[in-house]
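Asker: This is the content of query-v8.txt (compact mmCIF, C-alpha atoms):
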# COMPACT_ATOMS: atom_id res chain seq x y z
CA MET A 1 -112.62 54.48 168.25
CA ILE A 2 -111.43 51.02 169.35
CA ALA A 3 -114.91 49.57 168.95
CA GLN A 4 -115.26 51.21 165.55
CA SER A 5 -111.97 49.72 164.38
CA GLY A 6 -112.86 46.25 165.62
CA LEU A 7 -116.27 46.35 163.94
CA LEU A 8 -114.82 47.60 160.66
CA ILE A 9 -112.19 44.83 160.65
CA ALA A 10 -114.87 42.20 161.36
CA LEU A 11 -117.11 43.59 158.62
CA ALA A 12 -114.18 43.69 156.21
CA PHE A 13 -113.49 40.00 156.84
CA VAL A 14 -117.16 39.13 156.23
CA TRP A 15 -117.21 41.24 153.04
CA ILE A 16 -114.03 39.56 151.70
CA TYR A 17 -115.36 36.09 152.54
CA ALA A 18 -118.70 36.84 150.82
CA TRP A 19 -116.82 38.15 147.78
CA SER A 20 -114.67 35.00 147.63
CA GLN A 21 -117.76 32.78 147.71
CA ARG A 22 -119.74 34.51 144.96
CA SER A 23 -119.24 31.58 142.58
CA ARG A 24 -121.36 29.42 144.94
CA SER A 25 -124.32 31.76 145.20
CA LYS A 26 -124.31 35.20 143.65
CA ILE A 27 -127.52 36.30 145.36
CA VAL A 28 -126.36 35.37 148.86
CA SER A 29 -122.84 36.73 148.34
CA TYR A 30 -123.95 40.08 146.96
CA SER A 31 -126.62 40.41 149.65
CA VAL A 32 -124.08 39.82 152.40
CA MET A 33 -121.65 42.23 150.74
CA ALA A 34 -124.36 44.90 150.56
CA VAL A 35 -125.38 44.40 154.19
CA THR A 36 -121.77 44.52 155.45
CA ALA A 37 -121.04 47.62 153.36
CA ALA A 38 -124.12 49.31 154.79
CA GLY A 39 -123.01 48.23 158.26
CA ALA A 40 -119.58 49.79 157.67
CA VAL A 41 -121.20 53.07 156.63
CA LEU A 42 -123.28 53.13 159.81
CA VAL A 43 -120.21 52.36 161.94
CA LEU A 44 -118.25 55.19 160.33
CA LEU A 45 -121.17 57.64 160.26
CA PRO A 46 -123.43 56.86 163.24
CA ASP A 47 -125.47 60.02 162.64
CA VAL A 48 -126.63 58.56 159.34
CA ALA A 49 -128.28 55.72 161.27
CA ASN A 50 -130.07 58.27 163.46
CA ASP A 51 -131.22 60.25 160.41
CA ILE A 52 -132.57 57.12 158.71
CA ALA A 53 -134.20 55.99 161.96
CA HIS A 54 -135.95 59.34 162.39
CA PHE A 55 -137.06 59.27 158.77
CA ALA A 56 -138.49 55.74 159.31
CA GLY A 57 -140.21 56.76 162.54
CA ILE A 58 -137.87 54.81 164.81
CA GLY A 59 -136.43 56.54 167.86
CA ARG A 60 -132.72 55.81 167.62
CA GLY A 61 -130.21 54.64 165.06
CA ALA A 62 -129.17 51.80 167.36
CA ASP A 63 -132.75 50.50 167.38
CA LEU A 64 -132.86 50.63 163.59
CA VAL A 65 -129.66 48.59 163.38
CA PHE A 66 -131.06 46.08 165.89
CA TYR A 67 -134.32 45.62 163.96
CA VAL A 68 -132.50 45.17 160.67
CA PHE A 69 -130.17 42.66 162.33
CA VAL A 70 -133.14 40.65 163.61
CA VAL A 71 -134.75 40.51 160.15
CA VAL A 72 -131.49 39.59 158.43
CA GLY A 73 -130.73 36.97 161.13
CA LEU A 74 -134.14 35.33 160.86
CA THR A 75 -133.92 35.27 157.07
CA ALA A 76 -130.51 33.62 157.31
CA ILE A 77 -131.81 31.01 159.78
CA PHE A 78 -134.79 30.23 157.54
CA ASN A 79 -132.53 29.89 154.53
CA LEU A 80 -130.25 27.54 156.47
CA HIS A 81 -133.26 25.48 157.56
CA LEU A 82 -134.36 25.01 153.96
CA ARG A 83 -130.84 24.09 152.92
CA LEU A 84 -130.63 21.51 155.70
CA ARG A 85 -133.82 19.93 154.45
CA THR A 86 -132.41 19.78 150.95
CA GLU A 87 -129.32 18.06 152.32
CA GLN A 88 -131.60 15.65 154.20
CA GLU A 89 -133.27 14.74 150.91
CA ARG A 90 -129.90 14.05 149.33
CA LEU A 91 -128.89 11.89 152.28
CA THR A 92 -132.18 10.02 151.99
CA ALA A 93 -131.53 9.29 148.32
CA VAL A 94 -128.08 7.90 149.10
CA VAL A 95 -129.25 5.79 152.04
CA ARG A 96 -132.18 4.45 150.00
CA GLU A 97 -129.96 3.54 147.06
CA LEU A 98 -127.64 1.63 149.39
CA ALA A 99 -130.57 -0.14 151.04
CA LEU A 100 -132.01 -1.23 147.69
CA MET A 101 -128.62 -2.37 146.39
CA ASN A 102 -127.84 -4.42 149.48
CA ALA A 103 -131.25 -5.97 150.14
CA ARG A 104 -131.11 -9.41 151.73
CA GLU A 105 -133.18 -12.22 150.33
CA PRO A 106 -135.43 -14.16 152.64
CA THR A 107 -134.23 -17.38 154.13
CA PRO A 108 -136.82 -20.05 154.86
CA PRO A 109 -138.08 -19.67 158.43
CA PRO A 110 -136.93 -22.44 160.81
CA MET B 1 -157.54 -14.08 145.51
CA GLU B 2 -154.38 -13.03 143.68
CA HIS B 3 -151.38 -15.35 144.01
CA PRO B 4 -149.86 -14.50 147.40
CA LYS B 5 -146.45 -13.84 145.91
CA ARG B 6 -147.87 -10.87 143.98
CA ILE B 7 -148.92 -9.32 147.28
CA TRP B 8 -146.15 -7.46 149.07
CA PHE B 9 -146.30 -6.35 152.67
CA VAL B 10 -144.09 -3.35 153.41
CA LEU B 11 -143.15 -2.88 157.06
CA PRO B 12 -140.99 0.02 158.19
CA ALA B 13 -139.29 -0.95 161.45
CA TYR B 14 -137.16 0.94 163.93
CA ASN B 15 -136.01 -0.79 167.09
CA GLU B 16 -138.89 -3.27 167.06
CA ALA B 17 -136.96 -6.34 168.23
CA ALA B 18 -139.45 -6.92 171.05
CA VAL B 19 -142.41 -7.53 168.73
CA ILE B 20 -141.19 -7.88 165.15
CA ALA B 21 -141.18 -11.69 165.03
CA GLU B 22 -144.66 -11.88 166.52
CA THR B 23 -145.91 -9.38 163.93
CA LEU B 24 -144.22 -11.07 160.99
CA ARG B 25 -144.94 -14.77 161.53
CA PRO B 26 -148.63 -14.72 160.56
CA ILE B 27 -147.92 -12.49 157.55
CA VAL B 28 -145.15 -14.74 156.27
CA ALA B 29 -147.45 -17.74 156.76
CA THR B 30 -149.84 -16.35 154.13
CA GLY B 31 -147.15 -16.93 151.49
CA SER B 32 -147.06 -13.24 150.58
CA ASN B 33 -143.81 -11.44 150.05
CA VAL B 34 -142.74 -9.31 152.99
CA VAL B 35 -140.10 -6.60 152.97
CA VAL B 36 -138.98 -5.13 156.26
CA VAL B 37 -137.19 -1.83 155.97
CA ASP B 38 -134.94 -1.62 158.98
CA ASP B 39 -134.64 2.10 159.53
CA GLY B 40 -131.24 2.11 161.20
CA SER B 41 -132.26 0.10 164.25
CA ALA B 42 -129.76 -0.27 167.06
CA ASP B 43 -131.26 -3.57 168.23
CA ASP B 44 -131.75 -6.99 166.58
CA THR B 45 -134.79 -6.01 164.50
CA ARG B 46 -133.09 -6.85 161.21
CA GLN B 47 -131.78 -10.28 162.28
CA LEU B 48 -135.08 -11.29 163.84
CA ALA B 49 -137.05 -10.20 160.80
CA HIS B 50 -134.72 -12.05 158.46
CA GLN B 51 -135.08 -15.22 160.52
CA CYS B 52 -138.82 -14.99 159.94
CA GLY B 53 -138.27 -15.29 156.18
CA THR B 54 -138.63 -11.73 154.97
CA TRP B 55 -136.73 -9.52 152.58
CA ILE B 56 -134.61 -6.96 154.40
CA CYS B 57 -133.66 -3.48 153.25
CA ARG B 58 -131.54 -1.61 155.73
CA HIS B 59 -131.15 2.12 156.07
CA ALA B 60 -127.64 2.82 157.28
CA VAL B 61 -128.97 5.69 159.40
CA ASN B 62 -132.40 6.38 160.86
CA LEU B 63 -134.41 8.49 158.42
CA GLY B 64 -137.98 8.08 159.57
CA GLN B 65 -141.07 6.04 158.80
CA GLY B 66 -141.95 7.92 155.62
CA ALA B 67 -138.51 7.34 154.13
CA ALA B 68 -138.65 3.66 155.09
CA LEU B 69 -142.05 3.28 153.46
CA GLN B 70 -140.86 4.85 150.23
CA THR B 71 -137.83 2.52 150.19
CA GLY B 72 -140.03 -0.52 150.77
CA ILE B 73 -142.52 0.54 148.10
CA GLU B 74 -139.75 1.04 145.53
CA PHE B 75 -138.27 -2.34 146.42
CA ALA B 76 -141.60 -4.17 146.13
CA LEU B 77 -142.41 -2.50 142.81
CA SER B 78 -139.01 -3.45 141.40
CA HIS B 79 -139.78 -7.08 142.30
CA GLY B 80 -143.08 -7.27 140.48
CA ALA B 81 -145.59 -6.48 143.21
CA LYS B 82 -149.19 -6.26 142.03
CA TYR B 83 -150.70 -5.24 145.36
CA LEU B 84 -148.89 -3.62 148.26
CA VAL B 85 -149.89 -3.43 151.89
CA THR B 86 -148.29 -1.00 154.30
CA PHE B 87 -148.37 -2.43 157.78
CA ASP B 88 -146.97 -1.18 161.09
CA ALA B 89 -144.28 -3.33 162.65
CA ASP B 90 -145.40 -2.75 166.22
CA GLY B 91 -148.34 -5.15 166.08
CA GLN B 92 -151.10 -2.54 165.99
CA HIS B 93 -152.78 -3.95 162.90
CA LEU B 94 -154.69 -7.15 162.20
CA LEU B 95 -153.69 -9.34 159.28
CA SER B 96 -157.35 -10.17 158.61
CA ASP B 97 -158.03 -6.45 157.99
CA ALA B 98 -155.13 -6.26 155.55
CA MET B 99 -156.29 -9.29 153.56
CA ALA B 100 -159.84 -7.95 153.39
CA MET B 101 -158.46 -4.68 152.04
CA VAL B 102 -156.51 -6.52 149.32
CA ALA B 103 -159.73 -8.34 148.39
CA ARG B 104 -161.39 -4.95 147.89
CA LEU B 105 -158.55 -3.90 145.60
CA GLU B 106 -159.11 -6.97 143.49
CA SER B 107 -162.55 -5.73 142.56
CA GLY B 108 -160.69 -3.28 140.31
CA ASN B 109 -162.83 -0.33 141.36
CA VAL B 110 -160.26 1.38 143.53
CA ASP B 111 -156.55 2.16 143.54
CA ILE B 112 -156.12 2.43 147.28
CA VAL B 113 -157.93 1.10 150.33
CA LEU B 114 -157.23 3.03 153.51
CA GLY B 115 -157.76 1.54 156.94
CA SER B 116 -160.04 3.56 159.20
CA ARG B 117 -160.12 3.02 162.92
CA PHE B 118 -163.10 5.33 163.22
CA LEU B 119 -165.18 3.15 160.89
CA GLY B 120 -163.86 0.09 162.71
CA SER B 121 -162.67 -0.04 166.27
CA THR B 122 -159.81 0.61 168.62
CA ARG B 123 -158.64 -1.14 171.72
CA GLY B 124 -156.86 0.87 174.38
CA MET B 125 -156.83 4.25 172.61
CA SER B 126 -156.70 7.18 175.02
CA THR B 127 -159.31 9.93 174.84
CA LEU B 128 -156.62 12.51 174.12
CA ARG B 129 -155.18 10.47 171.25
CA GLY B 130 -158.67 9.99 169.81
CA ALA B 131 -159.39 13.73 170.01
CA ILE B 132 -156.09 14.64 168.35
CA LEU B 133 -156.63 12.13 165.56
CA ARG B 134 -160.12 13.46 164.90
CA LEU B 135 -158.71 16.98 164.76
CA ALA B 136 -156.01 15.81 162.36
CA THR B 137 -158.67 14.10 160.23
CA TRP B 138 -160.74 17.27 160.11
CA PHE B 139 -157.66 19.22 159.11
CA THR B 140 -156.90 16.68 156.36
CA ARG B 141 -160.45 16.90 155.01
CA VAL B 142 -160.18 20.69 154.80
CA ARG B 143 -156.70 20.55 153.31
CA THR B 144 -157.25 17.88 150.68
CA GLY B 145 -161.00 17.86 150.13
CA LEU B 146 -160.94 14.07 150.61
CA ASP B 147 -163.89 12.54 152.43
CA VAL B 148 -161.82 10.52 154.90
CA THR B 149 -162.67 9.47 158.43
CA ASP B 150 -159.14 8.69 159.61
CA THR B 151 -155.63 9.90 159.02
CA HIS B 152 -152.22 8.74 160.14
CA ASN B 153 -153.33 5.14 159.93
CA GLY B 154 -150.43 3.01 158.71
CA LEU B 155 -152.63 0.23 157.29
CA ARG B 156 -153.16 0.73 153.57
CA ALA B 157 -153.54 -1.53 150.55
CA LEU B 158 -152.67 -0.18 147.15
CA THR B 159 -152.25 -1.30 143.59
CA ALA B 160 -148.83 -1.18 141.95
CA LYS B 161 -150.09 1.64 139.72
CA ALA B 162 -151.08 3.74 142.72
CA ALA B 163 -147.87 2.92 144.59
CA ALA B 164 -145.80 3.99 141.58
CA ALA B 165 -147.59 7.34 141.59
CA PHE B 166 -146.40 8.13 145.11
CA CYS B 167 -143.25 10.06 145.80
CA LEU B 168 -142.94 10.59 149.54
CA ARG B 169 -140.63 13.45 150.43
CA HIS B 170 -141.54 13.76 154.09
CA ASN B 171 -139.27 11.33 155.87
CA ARG B 172 -141.05 11.38 159.19
CA VAL B 173 -144.63 11.34 160.42
CA ALA B 174 -145.96 13.89 157.95
CA HIS B 175 -145.74 11.25 155.20
CA ALA B 176 -149.22 10.02 156.20
CA SER B 177 -150.73 13.40 155.33
CA GLU B 178 -148.55 13.57 152.24
CA ILE B 179 -150.03 10.28 151.00
CA LEU B 180 -153.52 11.74 151.30
CA ASP B 181 -152.36 14.92 149.54
CA GLN B 182 -151.04 12.83 146.67
CA ILE B 183 -154.22 10.76 146.47
CA ALA B 184 -156.10 14.03 146.03
CA SER B 185 -153.68 15.67 143.62
CA ARG B 186 -153.30 12.58 141.41
CA GLY B 187 -157.01 11.78 141.42
CA LEU B 188 -156.50 8.23 142.69
CA ARG B 189 -159.63 6.24 143.50
CA PHE B 190 -159.80 5.28 147.16
CA GLU B 191 -162.08 3.63 149.67
CA GLU B 192 -161.88 3.29 153.41
CA HIS B 193 -162.13 -0.03 155.18
CA PRO B 194 -163.10 -0.49 158.83
CA CYS B 195 -160.09 -1.79 160.71
CA THR B 196 -159.09 -2.48 164.28
CA ILE B 197 -156.13 -0.77 165.90
CA LEU B 198 -154.67 -2.36 168.99
CA TYR B 199 -153.06 0.10 171.36
CA THR B 200 -150.86 -2.09 173.48
CA ALA B 201 -148.61 -0.80 176.25
CA TYR B 202 -145.73 -1.40 173.84
CA SER B 203 -147.25 0.49 170.91
CA LYS B 204 -148.25 3.39 173.13
CA GLN B 205 -144.76 3.68 174.48
CA LYS B 206 -143.27 3.46 170.97
CA GLY B 207 -145.88 5.43 169.06
CA GLN B 208 -146.12 9.05 168.10
CA ARG B 209 -146.33 11.65 170.79
CA SER B 210 -149.55 13.61 170.79
CA SER B 211 -147.48 16.74 170.24
CA GLY B 212 -146.37 15.14 166.97
CA LEU B 213 -149.31 16.87 165.29
CA ILE B 214 -147.39 20.12 165.56
CA ASP B 215 -144.39 18.49 163.85
CA VAL B 216 -146.70 17.27 161.10
CA LEU B 217 -148.13 20.74 160.47
CA PHE B 218 -144.67 22.29 160.46
CA ASP B 219 -143.32 19.65 158.10
CA LEU B 220 -146.21 19.96 155.69
CA TYR B 221 -146.16 23.73 155.48
CA ILE B 222 -142.41 24.24 155.40
CA GLY B 223 -142.23 21.40 152.89
CA GLY B 224 -144.97 23.03 150.86
CA MET B 225 -143.10 26.31 150.69
CA ARG B 226 -140.17 24.61 149.03
CA ARG B 227 -142.11 23.13 146.18
Kindly transcribe the structure held in the file into C-alpha cells.

Answerer:
Amino acid sequence: MIAQSGLLIALAFVWIYAWSQRSRSKIVSYSVMAVTAAGAVLVLLPDVANDIAHFAGIGRGADLVFYVFVVVGLTAIFNLHLRLRTEQERLTAVVRELALMNAREPTPPP
Amino acid sequence: MEHPKRIWFVLPAYNEAAVIAETLRPIVATGSNVVVVDDGSADDTRQLAHQCGTWICRHAVNLGQGAALQTGIEFALSHGAKYLVTFDADGQHLLSDAMAMVARLESGNVDIVLGSRFLGSTRGMSTLRGAILRLATWFTRVRTGLDVTDTHNGLRALTAKAAAAFCLRHNRVAHASEILDQIASRGLRFEEHPCTILYTAYSKQKGQRSSGLIDVLFDLYIGGMRR
C-alpha cells in the first residue's frame, strides 16, 4: 500500500508537469500524460497488467511494465539526442556569426 | 594564374601553436589571402597566425573542423574569393599541391579539385590508417556513387560557385563525407589530383583516431535521419 501510494504521487506529479508544459509540445505532453495515466491504472489494478501480459504472450505483468519502460526510455533518450543536436546547430550559428563579425584583419608579417 | 588575392586559403586550426607559423609562412608568401579559423584554441594559435599576416576568425568555443571550415568559407566568399583552398593547419599538406589544384580549376572544366593521397603518395602513414581510409573510401563510393579514390582528405580547391553551394551541418569529422555527399547531390563537377600527405609525429598525435570512422558513420546516419 505504501509503495502504491508513493508511485501514484510520483505519477501524479509527472502528469501535472506534462499537462503544464503542453504549450511547448502537445505531442510530447499528451504522450507523457497517457503513459503516466496508464502507469497509474497498472499500479491501482496490478491484475490488469497480468491480463494484458498474458494476452500479449508475456509471462508476468511486471515484465510487461519493464519492457514498455525500456521502449519509452530509449525513445526519450533518442528524442533528447536529436534535440541536443538541434541546440548544437543553434550554438554553431551564434558562434559563427560572432566569429564573422569580429574577424581580425591581417597585419603585415614582420 | 589568377591574381593571388582572389585565391583564399581556409585553414581550420585548433591548438596548433606548435606548427601554425611554419604552415602559414609559405602560403602567405604567395600573396594569396589566408583566413585561419581558430576553433576555440586554448594556446597561442590565433596570435601566432595573426603575426604571420593572415585574417583571423575566432570561434568562442570549440565546435569542430567542419564548423570551422564552413565559417572560413563564408568569410572568404564575403570578401570576394574566386578560388578557395581548404588546407590543414598541422602541416600535412604541400603548398605546391594546392597551387597545382588551383591551376586545374582555372581550366574552367571543374568546380572542385579534391586531393587524393592514393593517387599521389604518403609519408609515414601507418598500415592500419591506410586500411581504414580505403574502407572509408569504399563506403563513400557506395554511398554517393562518386568515383573517388580518397576521402577525409582536407586538401581541396574549389570555385566560389561550388563553395557557395556547400552548407556543412556536421561540425566534426563527418563534414568530409558530407562534402562528398553534397558534390553528388548538387551535381558539381570534380576531379582528383595526386597529392602528398606528410604524417609527422605531430600530425599523428593530433590527427583523427582510427576509431573516428565509427563517429563519422554515426554522425552521418543520425544526421541523415533528421533531414

Asker: List every protein, DNA or RNA residue that has an atom no more than 12 Å from (-154.8, -0.9, 171.4) in the file's coordinate frame, counting only C-alpha atoms, and report them as a list in words.

Answerer: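 Residues lying no farther than 12 Å from the given point: Asp90, Gly91, Gln92, His93, Leu94, Arg117, Ser121, Thr122, Arg123, Gly124, Met125, Ser126, Arg129, Gly130, Cys195, Thr196, Ile197, Leu198, Tyr199, Thr200, Ala201, Tyr202, Ser203, Lys204, Gln205 and Gly207 of chain B.
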
Asker: For the atom pair CA of Gly57 (chain A) and CA of Ile77 (chain A), what is the interatomic distance in Å to one decimal place?

Answerer: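 Separation between CA of Gly57 (chain A) and CA of Ile77 (chain A): 27.2 Å.
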
Asker: For the contact check between chain B and chain A, emit one row per residue of chain B within 8 Å, containing the shortest atom pair and the distance in Å rounded to one decimal, counting all atoms listed in the file, chain then rising number order, as JSON lines.

Answerer:
{"residue": "B:His50", "atom": "CA", "partner": "A:Pro106", "partner_atom": "CA", "distance": 6.2}
{"residue": "B:Gln51", "atom": "CA", "partner": "A:Pro109", "partner_atom": "CA", "distance": 5.8}
{"residue": "B:Cys52", "atom": "CA", "partner": "A:Pro109", "partner_atom": "CA", "distance": 5.0}
{"residue": "B:Gly53", "atom": "CA", "partner": "A:Pro106", "partner_atom": "CA", "distance": 4.7}
{"residue": "B:Thr54", "atom": "CA", "partner": "A:Pro106", "partner_atom": "CA", "distance": 4.6}
{"residue": "B:Trp55", "atom": "CA", "partner": "A:Pro106", "partner_atom": "CA", "distance": 4.8}
{"residue": "B:Ile56", "atom": "CA", "partner": "A:Arg104", "partner_atom": "CA", "distance": 5.0}
{"residue": "B:Cys57", "atom": "CA", "partner": "A:Ala103", "partner_atom": "CA", "distance": 4.7}
{"residue": "B:Arg58", "atom": "CA", "partner": "A:Ala99", "partner_atom": "CA", "distance": 5.0}
{"residue": "B:His59", "atom": "CA", "partner": "A:Ala99", "partner_atom": "CA", "distance": 5.5}
{"residue": "B:Ala60", "atom": "CA", "partner": "A:Val95", "partner_atom": "CA", "distance": 6.2}
{"residue": "B:Val61", "atom": "CA", "partner": "A:Val95", "partner_atom": "CA", "distance": 7.4}
{"residue": "B:Leu63", "atom": "CA", "partner": "A:Thr92", "partner_atom": "CA", "distance": 7.0}
{"residue": "B:Ala67", "atom": "CA", "partner": "A:Thr92", "partner_atom": "CA", "distance": 7.2}
{"residue": "B:Thr71", "atom": "CA", "partner": "A:Arg96", "partner_atom": "CA", "distance": 6.0}
{"residue": "B:Phe75", "atom": "CA", "partner": "A:Leu100", "partner_atom": "CA", "distance": 6.5}
{"residue": "B:Arg169", "atom": "CA", "partner": "A:Glu89", "partner_atom": "CA", "distance": 7.5}
{"residue": "B:Arg226", "atom": "CA", "partner": "A:Leu82", "partner_atom": "CA", "distance": 7.6}

Asker: Can you tell me which residues surround Ser32 (chain B) at a distance of at most 10 Å, considering all atoms listed in the file, apart from same-chain residues fewer than 4 positions away, and format the answer as a list in words?

Answerer: His3, Pro4, Lys5, Arg6, Ile7, Trp8, Phe9, Ile27, Val28 and Thr54 of chain B

Asker: Okay, now the selection with C-alpha atoms, as a PDB file, keeping the file's coordinate frame?

Answerer:
ATOM      1  CA  HIS B   3    -151.380 -15.350 144.010  1.00  0.00           C
ATOM      2  CA  PRO B   4    -149.860 -14.500 147.400  1.00  0.00           C
ATOM      3  CA  LYS B   5    -146.450 -13.840 145.910  1.00  0.00           C
ATOM      4  CA  ARG B   6    -147.870 -10.870 143.980  1.00  0.00           C
ATOM      5  CA  ILE B   7    -148.920  -9.320 147.280  1.00  0.00           C
ATOM      6  CA  TRP B   8    -146.150  -7.460 149.070  1.00  0.00           C
ATOM      7  CA  PHE B   9    -146.300  -6.350 152.670  1.00  0.00           C
ATOM      8  CA  ILE B  27    -147.920 -12.490 157.550  1.00  0.00           C
ATOM      9  CA  VAL B  28    -145.150 -14.740 156.270  1.00  0.00           C
ATOM     10  CA  THR B  54    -138.630 -11.730 154.970  1.00  0.00           C
TER      11      THR B  54
END

Asker: What does the distance between CA of His79 (chain B) and CA of Pro12 (chain B) come to in Å, to one decimal place?

Answerer: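 We find that CA of His79 (chain B) and CA of Pro12 (chain B) lie 17.4 Å from each other.
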
Asker: For CA of Gln65 (chain B) and CA of Asp147 (chain B), determine how far apart the two atoms are, in Å to one decimal place.

Answerer: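 If I compute the distance from CA of Gln65 (chain B) to CA of Asp147 (chain B), I get 24.6 Å.
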
Asker: List the spatial neighbours of Phe190 (chain B) as a ChimeraX atom specification - criterion: any atom at most 6 Å away, all atoms listed in the file, same-chain residues fewer than 3 positions off excluded.

Answerer: /B:110-113

Asker: Tell me which protein, DNA and RNA residues are within 6 Å of region 5-11 of chain A, counting only C-alpha atoms, leaving out same-chain ones fewer than 3 positions away, and put them as number ranges by chain.

Answerer: A: 2, 14, 36

Asker: Name the residues in contact with region 133-144 of chain B at a cut-off of 10 Å, using only C-alpha atoms, excluding same-chain residues fewer than 3 positions from it; report them as a PyMOL selection string.

Answerer: chain B and resi 118+127-130+147-153+177-178+180-185+210+213+216-217

Asker: Using only C-alpha atoms, give me every residue within 10 Å of (-140.7, 4.3, 153.3) in file coordinates, as a PyMOL selection string.

Answerer: (chain A and resi 96) or (chain B and resi 10-13+37+39+63-75+86+167-172+175)

Asker: For the selection just defined, write its residues with C-alpha atoms to a file, as a tab-separated table (two decimals), keeping the file's coordinate frame.

Answerer:
chain	number	residue	atom	x	y	z
A	96	ARG	CA	-132.18	4.45	150.00
B	10	VAL	CA	-144.09	-3.35	153.41
B	11	LEU	CA	-143.15	-2.88	157.06
B	12	PRO	CA	-140.99	0.02	158.19
B	13	ALA	CA	-139.29	-0.95	161.45
B	37	VAL	CA	-137.19	-1.83	155.97
B	39	ASP	CA	-134.64	2.10	159.53
B	63	LEU	CA	-134.41	8.49	158.42
B	64	GLY	CA	-137.98	8.08	159.57
B	65	GLN	CA	-141.07	6.04	158.80
B	66	GLY	CA	-141.95	7.92	155.62
B	67	ALA	CA	-138.51	7.34	154.13
B	68	ALA	CA	-138.65	3.66	155.09
B	69	LEU	CA	-142.05	3.28	153.46
B	70	GLN	CA	-140.86	4.85	150.23
B	71	THR	CA	-137.83	2.52	150.19
B	72	GLY	CA	-140.03	-0.52	150.77
B	73	ILE	CA	-142.52	0.54	148.10
B	74	GLU	CA	-139.75	1.04	145.53
B	75	PHE	CA	-138.27	-2.34	146.42
B	86	THR	CA	-148.29	-1.00	154.30
B	167	CYS	CA	-143.25	10.06	145.80
B	168	LEU	CA	-142.94	10.59	149.54
B	169	ARG	CA	-140.63	13.45	150.43
B	170	HIS	CA	-141.54	13.76	154.09
B	171	ASN	CA	-139.27	11.33	155.87
B	172	ARG	CA	-141.05	11.38	159.19
B	175	HIS	CA	-145.74	11.25	155.20

Asker: Tell me, as a PyMOL selection string, which residues lie within 12 Å of Ala76 (chain A), counting all atoms listed in the file; anything in the same chain fewer than 5 positions away does not count.

Answerer: chain A and resi 28+31-32+69-71+81-83

Asker: Which of these residues is nearest to Gly40 (chain B), using only C-alpha atoms: B:Tyr14, B:Gly108, B:Val85, B:Glu192?

Answerer: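 Among the listed residues, the smallest separation from Gly40 (chain B) belongs to B:Tyr14.
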